[in-house]
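One file, protein.txt, carrying compact mmCIF, C-alpha atoms and all ligand atoms:
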# COMPACT_ATOMS: atom_id res chain seq x y z
CA MET I 342 -121.60 17.18 -15.31
CA SER I 343 -123.01 16.86 -11.84
CA ARG I 344 -124.28 13.85 -9.95
CA VAL I 345 -124.67 12.86 -6.34
CA THR I 346 -122.22 10.10 -5.39
CA GLY I 347 -123.09 9.54 -1.75
CA GLU I 348 -124.76 10.83 1.35
CA TYR I 349 -123.65 12.33 4.62
CA ASP I 350 -123.88 10.74 8.05
CA THR I 351 -123.78 13.25 10.86
CA ILE I 352 -121.47 12.07 13.60
CA THR I 353 -120.60 13.79 16.83
CA THR I 354 -116.97 13.90 17.84
CA THR I 355 -115.57 15.82 20.79
CA GLY I 356 -118.82 17.74 21.05
CA GLU I 357 -118.76 18.81 17.39
CA ALA I 358 -121.27 17.66 14.78
CA VAL I 359 -119.40 16.55 11.66
CA ARG I 360 -120.65 15.28 8.29
CA ALA I 361 -118.96 12.03 7.26
CA PHE I 362 -119.26 11.03 3.61
CA VAL I 363 -120.76 7.63 2.76
CA PRO I 364 -120.38 6.81 -0.96
CA TYR I 365 -123.04 4.99 -2.96
CA PRO I 366 -121.96 1.63 -4.39
CA LEU I 367 -120.27 1.55 -7.79
CA PRO I 368 -120.94 1.94 -10.68
CA PRO I 369 -121.86 5.62 -10.97
CA ARG I 370 -125.51 6.29 -11.91
CA ASP I 371 -127.94 9.20 -12.35
CA PRO I 372 -126.62 9.73 -14.95
CA PRO I 373 -124.58 6.65 -15.84
CA LEU I 374 -120.95 7.15 -16.86
CA ALA I 375 -120.53 9.01 -20.14
CA LEU I 376 -117.91 6.94 -21.94
CA ASP I 377 -117.80 8.99 -25.12
CA GLY I 378 -115.79 11.88 -26.53
CA ARG I 379 -112.52 12.49 -24.74
CA VAL I 380 -112.96 9.59 -22.30
CA ALA I 381 -113.46 7.14 -25.18
CA ALA I 382 -110.38 8.40 -27.02
CA LEU I 383 -108.22 8.22 -23.90
CA LEU I 384 -109.52 4.74 -23.14
CA VAL I 385 -108.42 3.48 -26.56
CA GLU I 386 -105.04 5.13 -26.10
CA ALA I 387 -104.47 3.80 -22.57
CA ASN I 388 -105.44 0.25 -23.56
CA ALA I 389 -103.14 0.39 -26.57
CA ARG I 390 -100.16 1.60 -24.53
CA LEU I 391 -100.78 -1.02 -21.83
CA ARG I 392 -100.90 -3.69 -24.50
CA GLU I 393 -97.52 -2.49 -25.79
CA LEU I 394 -96.09 -2.68 -22.32
CA GLU I 395 -97.44 -6.19 -21.93
CA LEU I 396 -95.89 -7.22 -25.27
CA ALA I 397 -92.58 -5.54 -24.45
CA GLY I 398 -92.57 -7.76 -21.37
CA ASP I 399 -93.00 -10.83 -23.57
CA LEU I 400 -90.18 -9.86 -25.91
CA VAL I 401 -87.30 -9.14 -23.58
CA PRO I 402 -85.38 -12.24 -22.49
CA SER I 403 -84.97 -11.26 -18.85
CA ILE I 404 -88.30 -9.91 -17.79
CA GLU I 405 -87.61 -10.57 -14.13
CA TRP I 406 -84.99 -7.77 -14.21
CA PHE I 407 -87.62 -5.27 -15.17
CA VAL I 408 -90.10 -6.56 -12.65
CA TYR I 409 -87.39 -6.25 -9.99
CA ALA I 410 -86.50 -2.73 -11.06
CA PHE I 411 -89.95 -1.29 -11.73
CA VAL I 412 -91.58 -2.69 -8.60
CA ARG I 413 -88.88 -0.89 -6.62
CA LYS I 414 -89.39 2.29 -8.60
CA GLU I 415 -93.13 2.17 -7.94
CA ALA I 416 -92.53 1.45 -4.24
CA ILE I 417 -90.38 4.56 -3.87
CA LEU I 418 -92.65 6.83 -5.88
CA SER I 419 -95.83 5.69 -4.16
CA ALA I 420 -94.27 6.37 -0.76
CA GLN I 421 -92.93 9.75 -1.89
CA ILE I 422 -96.42 10.99 -2.78
CA GLU I 423 -97.21 11.47 0.90
CA GLY I 424 -93.80 12.83 1.82
CA THR I 425 -91.60 9.78 2.52
CA GLN I 426 -88.00 10.91 2.13
CA ALA I 427 -86.42 7.64 0.94
CA THR I 428 -84.87 7.42 -2.53
CA LEU I 429 -84.31 4.45 -4.81
CA MET I 430 -80.61 4.61 -3.97
CA ASP I 431 -81.38 4.43 -0.24
CA LEU I 432 -83.40 1.29 -0.87
CA LEU I 433 -80.79 -0.35 -3.12
CA ASN I 434 -78.04 0.52 -0.65
CA ILE I 435 -79.92 -1.25 2.11
CA GLU I 436 -80.61 -4.26 -0.09
CA ALA I 437 -76.94 -4.41 -1.14
CA SER I 438 -75.76 -4.38 2.47
CA SER I 439 -78.25 -7.10 3.53
CA GLU I 440 -78.66 -5.26 6.83
CA ALA I 441 -82.01 -4.38 8.37
CA PRO I 442 -83.03 -0.81 7.55
CA VAL I 443 -82.48 1.69 10.35
CA ASP I 444 -84.20 4.57 8.59
CA ALA I 445 -87.99 4.52 9.12
CA ASP I 446 -88.65 5.82 5.60
CA VAL I 447 -86.60 3.05 3.98
CA GLU I 448 -88.25 0.55 6.29
CA GLU I 449 -91.64 1.70 5.00
CA VAL I 450 -90.57 1.10 1.44
CA CYS I 451 -89.34 -2.38 2.38
CA GLY I 452 -92.80 -2.96 3.85
CA TYR I 453 -94.30 -2.01 0.51
CA LEU I 454 -92.07 -4.53 -1.29
CA SER I 455 -93.12 -7.30 1.03
CA ALA I 456 -96.78 -6.28 0.61
CA VAL I 457 -96.69 -6.25 -3.18
CA GLY I 458 -94.80 -9.56 -3.26
CA TYR I 459 -97.42 -11.17 -1.07
CA ALA I 460 -100.47 -9.74 -2.83
CA TRP I 461 -99.14 -10.41 -6.31
CA ASP I 462 -98.48 -14.02 -5.44
CA GLN I 463 -102.00 -14.45 -4.06
CA VAL I 464 -103.65 -12.98 -7.13
CA ALA I 465 -101.43 -14.93 -9.55
CA ARG I 466 -102.01 -18.31 -7.86
CA ASP I 467 -105.02 -20.47 -8.54
CA ASP I 468 -105.46 -21.20 -4.85
CA GLY I 469 -104.63 -17.65 -3.72
CA LEU I 470 -107.07 -15.28 -2.01
CA PRO I 471 -109.38 -13.36 -4.36
CA ILE I 472 -109.10 -9.56 -4.30
CA SER I 473 -111.11 -8.94 -1.18
CA THR I 474 -111.08 -7.14 2.15
CA ARG I 475 -109.23 -10.11 3.57
CA LEU I 476 -106.50 -9.90 0.94
CA LEU I 477 -106.28 -6.12 1.37
CA SER I 478 -105.98 -6.43 5.14
CA GLU I 479 -103.29 -9.11 4.88
CA THR I 480 -101.45 -6.88 2.42
CA HIS I 481 -101.90 -3.90 4.73
CA ARG I 482 -100.38 -5.90 7.58
CA ARG I 483 -97.19 -6.31 5.55
CA LEU I 484 -97.25 -2.74 4.27
CA LEU I 485 -97.29 -1.36 7.81
CA SER I 486 -94.99 -3.99 9.29
CA GLY I 487 -92.29 -1.40 10.19
CA ALA I 488 -91.87 0.38 13.49
CA ARG I 489 -93.83 3.43 12.38
CA GLY I 490 -96.82 1.41 11.22
CA ALA I 491 -97.09 -0.52 14.48
CA PHE I 492 -99.33 2.17 16.00
CA LYS I 493 -101.66 2.27 13.01
CA GLN I 494 -103.39 -1.09 13.43
CA PRO I 495 -101.64 -3.00 10.64
CA GLY I 496 -103.90 -5.54 8.97
CA GLU I 497 -107.08 -4.19 10.58
CA VAL I 498 -109.91 -2.17 9.17
CA ARG I 499 -110.16 0.97 11.31
CA ARG I 500 -112.46 1.11 14.30
CA SER I 501 -112.32 4.87 14.73
CA GLN I 502 -113.13 7.93 12.69
CA ASN I 503 -110.37 9.46 10.56
CA TRP I 504 -110.16 12.58 8.42
CA ILE I 505 -108.07 14.13 5.63
CA GLY I 506 -106.57 17.62 5.80
CA GLY I 507 -107.13 19.87 8.83
CA THR I 508 -106.38 19.36 12.48
CA ARG I 509 -109.69 17.79 13.50
CA PRO I 510 -112.74 16.35 11.74
CA GLY I 511 -114.54 19.68 12.16
CA ASN I 512 -112.15 21.54 9.86
CA ALA I 513 -111.09 18.61 7.65
CA ALA I 514 -111.14 18.67 3.84
CA PHE I 515 -112.81 15.29 3.89
CA VAL I 516 -114.26 13.00 6.55
CA PRO I 517 -114.51 9.37 5.33
CA PRO I 518 -117.36 7.07 6.41
CA PRO I 519 -117.89 6.34 10.10
CA PRO I 520 -116.24 3.04 11.09
CA HIS I 521 -119.51 1.21 11.78
CA ARG I 522 -120.49 1.60 8.11
CA LEU I 523 -117.26 0.02 6.81
CA PRO I 524 -118.25 -3.69 6.89
CA GLU I 525 -121.25 -3.02 4.63
CA LEU I 526 -119.29 -0.59 2.42
CA LEU I 527 -116.40 -3.01 2.00
CA SER I 528 -118.79 -5.82 1.00
CA GLU I 529 -120.21 -3.53 -1.67
CA PHE I 530 -116.66 -2.76 -2.73
CA GLU I 531 -115.90 -6.47 -3.16
CA ARG I 532 -119.07 -6.91 -5.17
CA ALA I 533 -118.04 -4.06 -7.46
CA ILE I 534 -114.84 -6.01 -8.21
CA HIS I 535 -116.42 -9.43 -8.74
CA ASP I 536 -119.91 -8.79 -10.11
CA GLU I 537 -120.53 -8.83 -13.85
CA SER I 538 -120.20 -5.41 -15.42
CA ASP I 539 -120.52 -3.85 -18.86
CA LEU I 540 -117.84 -1.30 -18.08
CA PRO I 541 -114.38 -1.71 -19.64
CA PRO I 542 -111.96 -3.20 -17.09
CA LEU I 543 -109.61 -0.23 -17.15
CA VAL I 544 -112.52 2.05 -16.28
CA ARG I 545 -113.42 -0.24 -13.40
CA VAL I 546 -109.83 -0.04 -12.11
CA ALA I 547 -110.05 3.76 -12.17
CA LEU I 548 -113.38 3.83 -10.32
CA LEU I 549 -112.26 1.34 -7.70
CA HIS I 550 -109.16 3.34 -6.80
CA VAL I 551 -111.25 6.40 -6.03
CA GLN I 552 -113.82 4.38 -4.13
CA PHE I 553 -111.07 2.87 -2.00
CA GLU I 554 -109.61 6.29 -1.17
CA THR I 555 -113.10 7.54 -0.34
CA LEU I 556 -113.67 4.66 2.08
CA HIS I 557 -110.20 5.20 3.59
CA PRO I 558 -110.69 1.86 5.42
CA TYR I 559 -107.41 1.86 7.37
CA LEU I 560 -105.84 4.26 9.83
CA ASP I 561 -102.86 4.78 7.52
CA GLY I 562 -101.45 3.45 4.27
CA ASN I 563 -104.66 3.98 2.29
CA GLY I 564 -102.86 5.84 -0.49
CA ARG I 565 -100.17 3.19 -0.94
CA LEU I 566 -102.61 0.30 -0.64
CA GLY I 567 -105.07 1.95 -3.03
CA ARG I 568 -102.32 2.39 -5.61
CA LEU I 569 -101.17 -1.20 -5.12
CA LEU I 570 -104.77 -2.21 -5.73
CA ILE I 571 -104.49 -0.65 -9.21
CA THR I 572 -101.64 -3.07 -10.00
CA LEU I 573 -103.60 -6.03 -8.64
CA LEU I 574 -106.73 -5.17 -10.60
CA LEU I 575 -104.76 -4.79 -13.84
CA ARG I 576 -103.52 -8.33 -13.25
CA HIS I 577 -106.95 -9.59 -12.23
CA TRP I 578 -108.50 -8.42 -15.50
CA GLY I 579 -105.53 -9.56 -17.57
CA LEU I 580 -104.52 -6.05 -18.66
CA LEU I 581 -100.96 -6.38 -17.39
CA THR I 582 -99.69 -9.74 -16.21
CA ARG I 583 -96.54 -8.37 -14.52
CA PRO I 584 -96.25 -5.47 -12.07
CA LEU I 585 -94.41 -3.20 -14.49
CA LEU I 586 -96.44 0.02 -14.52
CA TYR I 587 -95.15 2.69 -12.15
CA LEU I 588 -98.24 4.91 -12.28
CA SER I 589 -97.22 6.64 -9.03
CA LEU I 590 -94.75 8.66 -11.08
CA TYR I 591 -97.69 10.39 -12.75
CA LEU I 592 -99.64 10.78 -9.51
CA LYS I 593 -96.57 12.28 -7.83
CA ARG I 594 -95.93 14.71 -10.69
CA HIS I 595 -99.57 15.83 -10.51
CA ARG I 596 -100.24 15.37 -6.83
CA GLY I 597 -102.34 18.51 -6.46
CA GLU I 598 -104.56 17.56 -9.35
CA TYR I 599 -104.74 13.93 -8.13
CA TYR I 600 -106.17 15.06 -4.79
CA ARG I 601 -108.46 17.67 -6.37
CA ARG I 602 -109.93 15.09 -8.71
CA LEU I 603 -110.54 12.63 -5.88
CA SER I 604 -112.47 15.37 -4.09
CA ALA I 605 -114.34 16.38 -7.25
CA VAL I 606 -115.78 12.87 -7.56
CA ARG I 607 -117.20 13.14 -4.06
CA GLU I 608 -118.30 16.76 -4.25
CA GLN I 609 -119.52 17.11 -7.84
CA GLY I 610 -119.79 13.51 -8.96
CA ASP I 611 -117.15 14.24 -11.60
CA TRP I 612 -116.23 10.66 -12.42
CA GLU I 613 -115.54 11.53 -16.06
CA GLY I 614 -112.94 14.16 -15.04
CA TRP I 615 -111.17 11.57 -12.90
CA LEU I 616 -111.32 9.02 -15.72
CA CYS I 617 -109.64 11.41 -18.16
CA PHE I 618 -106.92 12.18 -15.64
CA PHE I 619 -106.35 8.50 -14.82
CA LEU I 620 -106.41 7.19 -18.40
CA GLU I 621 -104.04 9.89 -19.56
CA GLY I 622 -101.65 8.85 -16.81
CA VAL I 623 -101.86 5.16 -17.69
CA ALA I 624 -101.14 5.89 -21.37
CA LEU I 625 -98.26 8.21 -20.56
CA ILE I 626 -96.57 6.03 -17.97
CA ALA I 627 -97.05 2.82 -19.93
CA ALA I 628 -95.27 4.48 -22.87
CA GLU I 629 -92.52 5.80 -20.56
CA THR I 630 -92.13 2.37 -18.98
CA VAL I 631 -91.59 0.79 -22.41
CA ASP I 632 -88.95 3.43 -23.20
CA THR I 633 -87.18 2.88 -19.90
CA ALA I 634 -87.22 -0.90 -20.39
CA ARG I 635 -85.69 -0.42 -23.86
CA ALA I 636 -83.02 1.91 -22.50
CA LEU I 637 -82.13 -0.48 -19.68
CA HIS I 638 -81.99 -3.37 -22.10
CA ALA I 639 -79.63 -1.44 -24.38
CA VAL I 640 -77.34 -0.55 -21.48
CA VAL I 641 -77.07 -4.22 -20.53
CA GLU I 642 -76.32 -5.22 -24.14
CA THR I 643 -73.59 -2.64 -24.73
CA SER I 644 -72.04 -3.27 -21.32
CA ARG I 645 -71.99 -7.00 -21.97
CA GLN I 646 -70.22 -6.46 -25.29
CA ARG I 647 -67.70 -4.20 -23.61
CA LEU I 648 -66.96 -6.85 -21.03
CA LEU I 649 -66.72 -9.67 -23.58
CA HIS I 650 -64.13 -7.70 -25.51
CA HIS I 651 -62.17 -6.61 -22.48
CA GLU I 652 -58.77 -8.24 -22.11
CA ASP I 653 -59.29 -8.97 -18.40
CA ALA I 654 -62.69 -10.66 -18.76
CA THR I 655 -63.00 -13.92 -16.82
CA VAL I 656 -65.72 -16.50 -16.48
CA LEU I 657 -66.45 -15.30 -12.96
CA SER I 658 -66.71 -11.65 -14.04
CA LEU I 659 -69.14 -12.64 -16.78
CA ARG I 660 -71.23 -14.59 -14.31
CA LEU I 661 -71.27 -11.62 -11.98
CA PHE I 662 -72.24 -9.32 -14.82
CA GLU I 663 -75.38 -11.35 -15.51
CA LEU I 664 -76.44 -10.77 -11.89
CA LEU I 665 -76.08 -6.99 -12.06
CA PRO I 666 -79.59 -6.02 -13.17
CA LYS I 667 -80.97 -7.49 -9.96
CA ASN I 668 -77.96 -6.36 -7.94
CA PRO I 669 -77.01 -2.98 -9.38
CA LEU I 670 -75.05 -2.17 -6.19
CA LEU I 671 -72.48 -4.69 -5.01
CA SER I 672 -70.06 -5.07 -2.13
CA VAL I 673 -67.34 -7.73 -2.16
CA SER I 674 -69.23 -9.73 0.47
CA ARG I 675 -72.42 -9.63 -1.57
CA ALA I 676 -70.51 -10.69 -4.72
CA MET I 677 -69.00 -13.57 -2.71
CA THR I 678 -72.44 -14.78 -1.67
CA LEU I 679 -73.89 -14.43 -5.15
CA LEU I 680 -71.02 -16.24 -6.82
CA GLY I 681 -70.40 -18.73 -4.04
CA CYS I 682 -66.67 -18.10 -4.28
CA SER I 683 -63.80 -16.88 -2.11
CA ARG I 684 -63.34 -13.22 -1.14
CA PRO I 685 -60.26 -12.69 -3.35
CA ALA I 686 -62.06 -14.28 -6.33
CA ALA I 687 -65.12 -12.04 -5.78
CA ALA I 688 -62.92 -8.96 -5.41
CA LYS I 689 -61.14 -9.88 -8.65
CA ALA I 690 -64.46 -10.25 -10.53
CA LEU I 691 -65.51 -6.82 -9.29
CA ASP I 692 -62.14 -5.36 -10.32
CA VAL I 693 -62.73 -6.63 -13.85
CA LEU I 694 -66.17 -5.00 -14.00
CA GLU I 695 -64.60 -1.77 -12.76
CA ALA I 696 -61.76 -1.97 -15.29
CA ALA I 697 -64.33 -2.43 -18.07
CA GLU I 698 -66.03 0.73 -16.78
CA ILE I 699 -69.27 -1.09 -16.11
CA MET I 700 -69.17 -0.69 -12.35
CA LEU I 701 -68.09 2.54 -10.69
CA PRO I 702 -67.24 3.04 -7.03
CA ARG I 703 -70.14 4.42 -4.99
CA ASP I 704 -69.12 7.92 -3.96
CA ASP I 705 -69.95 7.33 -0.31
CA HIS I 706 -66.83 5.69 1.12
CA ARG I 707 -67.96 5.73 4.73
CA ARG I 708 -69.92 2.55 4.26
CA GLY I 709 -67.14 0.42 2.75
CA ARG I 710 -66.33 -0.46 -0.83
CA VAL I 711 -69.43 -0.76 -2.96
CA LEU I 712 -69.57 -0.60 -6.73
CA MET I 713 -72.58 0.46 -8.75
CA PHE I 714 -73.87 -0.25 -12.24
CA GLU I 715 -73.98 3.47 -12.84
CA GLU I 716 -75.29 3.79 -16.37
CA TYR I 717 -78.14 1.38 -15.61
CA LEU I 718 -78.99 3.15 -12.38
CA SER I 719 -78.99 6.55 -14.04
CA TYR I 720 -82.01 5.45 -16.11
CA LEU I 721 -83.72 3.64 -13.32
CA ARG I 722 -83.56 6.40 -10.77
CA GLN I 723 -85.02 9.08 -13.04
CA ASP I 724 -87.68 11.03 -11.12
CA THR I 725 -87.03 9.11 -7.91
CA GLU I 726 -84.61 11.64 -6.39
CA LEU I 727 -85.99 13.95 -3.75
CA GLU I 728 -87.06 17.44 -4.63
CA PRO I 729 -85.86 20.38 -2.54
CA ALA I 730 -87.48 20.44 0.92
CA PRO I 731 -91.24 21.05 0.56
CA GLN I 732 -92.66 24.35 1.80
CA THR I 733 -95.57 22.68 3.51
CA GLN I 734 -96.03 19.52 5.48
CA PRO I 735 -97.73 16.56 3.81
CA GLN I 736 -101.43 17.21 3.61
CA MET I 737 -102.61 14.23 5.59
CA THR I 738 -103.56 14.45 9.21
CA GLN I 739 -105.48 11.65 10.68
CA ALA I 740 -105.70 10.06 14.04
CA PRO I 741 -108.09 7.93 15.95
CA MET I 742 -110.45 10.01 18.04
N1 LIG I 801 -109.26 14.83 -1.01
C1 LIG I 801 -109.06 13.52 -0.98
N2 LIG I 801 -110.11 12.66 -1.05
C2 LIG I 801 -109.90 11.33 -1.02
N3 LIG I 801 -108.68 10.76 -0.90
C3 LIG I 801 -107.62 11.57 -0.80
C4 LIG I 801 -107.75 12.97 -0.84
N4 LIG I 801 -106.53 13.51 -0.72
C5 LIG I 801 -105.67 12.47 -0.64
N5 LIG I 801 -106.30 11.30 -0.70
C6 LIG I 801 -105.73 9.94 -0.70
O1 LIG I 801 -105.28 9.65 0.61
C7 LIG I 801 -103.94 9.14 0.55
C8 LIG I 801 -103.24 9.35 1.86
O2 LIG I 801 -103.84 8.53 2.86
P1 LIG I 801 -102.98 7.69 3.91
O3 LIG I 801 -103.87 6.76 4.62
O4 LIG I 801 -102.10 8.59 4.72
O5 LIG I 801 -102.07 6.84 2.90
P2 LIG I 801 -100.48 6.66 2.90
O6 LIG I 801 -100.05 6.49 4.33
O7 LIG I 801 -100.25 5.48 2.03
O8 LIG I 801 -99.94 7.91 2.29
C9 LIG I 801 -103.35 9.88 -0.63
O9 LIG I 801 -102.21 9.25 -1.16
C10 LIG I 801 -104.50 9.85 -1.61
O10 LIG I 801 -104.54 8.61 -2.29
MG MG I 802 -100.12 8.21 5.64
Take the structure in the file and give it back as structure tokens.
Amino acid sequence: MSRVTGEYDTITTTGEAVRAFVPYPLPPRDPPLALDGRVAALLVEANARLRELELAGDLVPSIEWFVYAFVRKEAILSAQIEGTQATLMDLLNIEASSEAPVDADVEEVCGYLSAVGYAWDQVARDDGLPISTRLLSETHRRLLSGARGAFKQPGEVRRSQNWIGGTRPGNAAFVPPPPHRLPELLSEFERAIHDESDLPPLVRVALLHVQFETLHPYLDGNGRLGRLLITLLLRHWGLLTRPLLYLSLYLKRHRGEYYRRLSAVREQGDWEGWLCFFLEGVALIAAETVDTARALHAVVETSRQRLLHHEDATVLSLRLFELLPKNPLLSVSRAMTLLGCSRPAAAKALDVLEAAEIMLPRDDHRRGRVLMFEEYLSYLRQDTELEPAPQTQPQMTQAPM
């Protein structure tokens, strides 16, 4: 399969002539998308698994736990794709301490949480912003609200040329469109979201993610924002009404292939290859997400039973237990605030949870006494720990010229 998906604009930067890629508007044509064979089978599978995830969300009594947990998991994984060194435990530790993050990587992940909270609310509300450049820029502003993002024009579409891979545009793997083309390209992008289309919604989500990465409209954060866009579009088309799918796990596991397939769309017009990759990931991760939700649910059930049958159980300890899924790490002060009780009463409630072997002391004693809902966390943090130090630096290099 080969098709042309855009044209090149020759730009001159620092005396060098460089070809910047300007994609054609969606949907793909000449030839149109081939939605048969393997793509068709994967589409059925991905839709079915998403539907199961949606239904699993309807069945569990405390869906907000899973939203809390899986949004954080996605936040960490999406940031890790481009080399952020924060882990889920780093994030939860910061949230448990209610202090401002000092680590720039953790701060970035907190920016993601604020961005997804904002954007989700807008899309879910009747009077919220539609999915548009304006919404994306407002989301971007929150995403890059930390100290590191301050130099990357948070909330603003870029006004300078950027590039991907390489030390300058001249030796880059990919040079996105010149900035003066972005207003027109972003309007086309909005139209591709809101115009009528015969394509299945999940296919449109897949196409729009690639198109967004190809436009690379911001100086930084395009990967994270483009993956957040997937979540928003799933909601927009009613495929998943809660942000439960942590697709970044798949994209992180297959990062090399993810990047190669993005390039193959631009270079060979291989939209079908990207679709297969994307749909396979959606099916796989949706199924994994259902399994994780079941496992977490079971841990809560068995732990609750253990507590109810424990001789020391008190009303306050039971109340605290019900708060654990959204507070899987707890200090005495935090327990005090949550329960609205005295320090000794909060400490006692925590002691009971420890005696029932539900909460274990965090191994790091330097930062004061904190207990963790260990069995729950052991499921949640799967695949969110850091791998051994990478051999190479993250692939991205981009700077205003
Ligand atoms: N060859 C490529 N073509 C298009 N997009 C790419 C390519 N390689 C990587 N990307 C996208 O660019 C993102 C990185 O861009 P960047 O603006 O630094 O985002 P972030 O700061 O969120 O990581 C990657 O996560 C990926 O989505
Ligand atoms: Mg970046």
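Candidate residues I:Gly681, I:Pro558, I:Gly424, I:Gly579 were compared for distance to ligand MG 802 (chain I), and the nearest is I:Gly424, using all atoms listed in the file.
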Per-residue nearest contacts chain I to ligand LIG 801 (chain I), cut-off 7 Å, using only C-alpha atoms and all ligand atoms, as a Markdown table:
| residue | atom | partner | partner_atom | distance |
| --- | --- | --- | --- | --- |
| I:Ala420 | CA | I:LIG801 | O8 | 6.6 |
| I:Ile422 | CA | I:LIG801 | O9 | 6.3 |
| I:Glu423 | CA | I:LIG801 | O8 | 4.7 |
| I:Ile505 | CA | I:LIG801 | N4 | 6.6 |
| I:Ala514 | CA | I:LIG801 | N1 | 6.5 |
| I:Phe515 | CA | I:LIG801 | N1 | 6.1 |
| I:Glu554 | CA | I:LIG801 | N3 | 4.6 |
| I:Thr555 | CA | I:LIG801 | C2 | 5.0 |
| I:His557 | CA | I:LIG801 | O3 | 6.6 |
| I:Tyr559 | CA | I:LIG801 | O3 | 6.6 |
| I:Leu560 | CA | I:LIG801 | O3 | 6.1 |
| I:Asp561 | CA | I:LIG801 | O3 | 3.7 |
| I:Gly562 | CA | I:LIG801 | O7 | 3.3 |
| I:Asn563 | CA | I:LIG801 | O3 | 3.7 |
| I:Gly564 | CA | I:LIG801 | O9 | 3.5 |
| I:Arg565 | CA | I:LIG801 | O7 | 3.8 |
| I:Leu566 | CA | I:LIG801 | O7 | 6.3 |
| I:Gly567 | CA | I:LIG801 | O10 | 6.7 |
| I:Tyr600 | CA | I:LIG801 | N4 | 4.4 |
| I:Arg601 | CA | I:LIG801 | N1 | 6.1 |
| I:Leu603 | CA | I:LIG801 | N2 | 4.8 |
| I:Ser604 | CA | I:LIG801 | N1 | 4.5 |
| I:Met737 | CA | I:LIG801 | O4 | 5.7 |
So that I can see what lies close to range 639-656 of chain I, please list as number ranges by chain the residues with an atom at most 12 Å from it, counting only C-alpha atoms and leaving out residues fewer than 6 positions away in the same chain. I: 401-403, 406-407, 632-633, 662-667, 669, 680, 686-687, 689-700, 714-721
Just C-alpha atoms for this one: save the residues we selected as a compact mmCIF listing (two decimals), keeping the file's coordinate frame.
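File out04.txt, as written:
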# COMPACT_ATOMS: atom_id res chain seq x y z
CA VAL I 401 -87.30 -9.14 -23.58
CA PRO I 402 -85.38 -12.24 -22.49
CA SER I 403 -84.97 -11.26 -18.85
CA TRP I 406 -84.99 -7.77 -14.21
CA PHE I 407 -87.62 -5.27 -15.17
CA ASP I 632 -88.95 3.43 -23.20
CA THR I 633 -87.18 2.88 -19.90
CA PHE I 662 -72.24 -9.32 -14.82
CA GLU I 663 -75.38 -11.35 -15.51
CA LEU I 664 -76.44 -10.77 -11.89
CA LEU I 665 -76.08 -6.99 -12.06
CA PRO I 666 -79.59 -6.02 -13.17
CA LYS I 667 -80.97 -7.49 -9.96
CA PRO I 669 -77.01 -2.98 -9.38
CA LEU I 680 -71.02 -16.24 -6.82
CA ALA I 686 -62.06 -14.28 -6.33
CA ALA I 687 -65.12 -12.04 -5.78
CA LYS I 689 -61.14 -9.88 -8.65
CA ALA I 690 -64.46 -10.25 -10.53
CA LEU I 691 -65.51 -6.82 -9.29
CA ASP I 692 -62.14 -5.36 -10.32
CA VAL I 693 -62.73 -6.63 -13.85
CA LEU I 694 -66.17 -5.00 -14.00
CA GLU I 695 -64.60 -1.77 -12.76
CA ALA I 696 -61.76 -1.97 -15.29
CA ALA I 697 -64.33 -2.43 -18.07
CA GLU I 698 -66.03 0.73 -16.78
CA ILE I 699 -69.27 -1.09 -16.11
CA MET I 700 -69.17 -0.69 -12.35
CA PHE I 714 -73.87 -0.25 -12.24
CA GLU I 715 -73.98 3.47 -12.84
CA GLU I 716 -75.29 3.79 -16.37
CA TYR I 717 -78.14 1.38 -15.61
CA LEU I 718 -78.99 3.15 -12.38
CA SER I 719 -78.99 6.55 -14.04
CA TYR I 720 -82.01 5.45 -16.11
CA LEU I 721 -83.72 3.64 -13.32
Determine the nearest neighbour of Ser672 in chain I from the options I:Glu436, I:Pro442, I:Gln552, I:Ile571, counting only C-alpha atoms. I:Glu436
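With distances restricted to all atoms listed in the file, I:Leu485 is the closest residue to ligand MG 802 (chain I) from I:Leu671, I:Ala547, I:Leu485, I:Leu616.
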Between I:Val380, I:Cys617, I:Cys451, I:Leu484, which residue has the minimum interatomic distance to ligand MG 802 (chain I), considering all atoms listed in the file?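 Of I:Val380, I:Cys617, I:Cys451, I:Leu484, the one nearest ligand MG 802 (chain I) is I:Leu484, counting all atoms listed in the file.
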Between I:Pro372, I:Gly490, I:Pro542, I:Gly511, which residue has the minimum interatomic distance to Thr353 in chain I, considering only C-alpha atoms? I:Gly511
For Ala445 in chain I, which residue out of I:Gly507, I:Pro519, I:Gly487, I:Gly458 is the nearest one, using all atoms listed in the file?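 Residue with the minimum atom-to-atom distance to Ala445 in chain I: I:Gly487.
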Can you measure CA of Trp612 in chain I to CA of Ile472 in chain I for me? One decimal in Å is fine. 22.9 Å
If you measure from CA of His550 in chain I to CA of Val447 in chain I, what distance in Å do you get, rounded to one decimal? 25.0 Å
Name the residues in contact with Thr354 in chain I at a cut-off of 12 Å, using only C-alpha atoms, excluding same-chain residues fewer than 5 positions from it; report them as a list of chain:residue names. I:Val359, I:Arg360, I:Ala361, I:Ser501, I:Gln502, I:Asn503, I:Trp504, I:Arg509, I:Pro510, I:Gly511, I:Val516, I:Pro519, I:Pro741, I:Met742
